[in-house]
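Peer 1: Pasting in a structure now, in structure tokens, and then I'll have a few things to ask.
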Amino acid sequence: MTVEVQSAANTCHRLRGVIHQFAESLGAAIDAKDPYIKNHSLEVAELAWLLARRLGLSREEAELVHIGGHLHDIGKIGVPDRILNKQGPLADDEWALMRRHPEIGAGILLPVQEIAASGIMDMVLHHHERHDGQGYPHGLAGQEIPIGARIITVADSLSAMLGQRTYRDPMRFETALAEIKDCAGSQFDPQVVRALVAASKEARDLLNDLQPSPTLPEGAAGRDISGGGPCPVCRFEGKTG
């Protein structure tokens, strides 16, 4: 390998690192808009990496999913703070604005050719699709949804349920995991859910390391809302955007 080629390879490696760091910074900036979701994008990214590797994705593929996790909510830049921070249910017009954030995020990333071509943009665009085709923005189902988006969907929901929100208390880890299992095949890809169950101890430890919270240890306090009716995770998915 010539000096020039080695130098170019080193530069590419450094640029990838910069892109990753920049994605993490953007995710943190989005989280800063809402005092209730501190570290959410970081949690999603780290959980997504864990699940990607558990599912057998290569390190390079898992790295892309990790970046997608940091950027999944970048479109919330285009959602007014009064909607993001509203206490109580969203009105129909507010919910319509909230549902646009995946498309807004994809539009933000589209001019960044490397991100668009890598599949990260599609992860952002489709992270609110559902396994049963009832999600948004395009109503994709099953294998039509990119694997990175399917992974991020599960990571996003777990992080959201464990966090404090204006309209509810945090859930216990074991309760959140049970709700995700209940929604396997409807909201979530069963394969990704199985990966989360298999890595549940690692996921709990990871979240404790990122942001120690009384909702994470086994049996800790937190409102249990796992009663009957529609899947609670699906309700949260609507509320959290």
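Going through the structure tokens in order, the chains are called A, B, and so on, while each chain numbers its residues from 1 and the ligands are numbered from 1 in the order shown.
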Could you pull the residues within 12 Å of A:Val79, counting only C-alpha atoms, minus those fewer than 6 positions along the same chain, as a list in words?

Peer 2: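 Close residues of A:Val79: Ile30, Lys33, Asp34, Asp73, Asn85, Lys86, Asp93, Glu94, Trp95, Ala96, Leu97, Met98, Arg99, Arg100, His101, Pro102, Glu103, Ile104, Gly105 and Gly241 of chain A.
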
Peer 1: Under the rule that only C-alpha atoms are counted, which of A:Gly133, A:Ala184, A:Leu125, A:Leu162 is the nearest residue to A:Pro146?

Peer 2: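 Using only C-alpha atoms, A:Pro146 sits closest to A:Leu125.
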
Peer 1: Can you pull out the residues contacting stretch 22-27 of chain A? Cut-off 10 Å, using only C-alpha atoms, and skip same-chain residues under 3 positions away; I want them as a list in words.

Peer 2: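 The residues satisfying every condition are Arg16, Gly17, Val18, Ile19, Ile30, Asp31, Ala32, Asn39, His40, Ser41, Leu42, Val44, Ala45, His66, Ile67, Gly68, Gly69, His70, Leu71, His72, Asp73 and Ile74 of chain A.
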
Peer 1: Could you write out, as a list of chain:residue names, all the residues of stretch 88-189 of chain A that DSSP marks as strand (DSSP E or B)?

Peer 2: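 Selection result, strand (DSSP E or B) within stretch 88-189 of chain A: A:Arg165, A:Arg168, A:Ala184, A:Phe188.
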
Peer 1: Name the residues of stretch 24-125 of chain A that come out as alpha helix (DSSP H) in a backbone DSSP run; write them as a VMD selection string.

Peer 2: chain A and resid 24 to 31 40 to 54 59 to 71 81 to 84 92 to 98 101 to 109 113 to 118 120 to 125
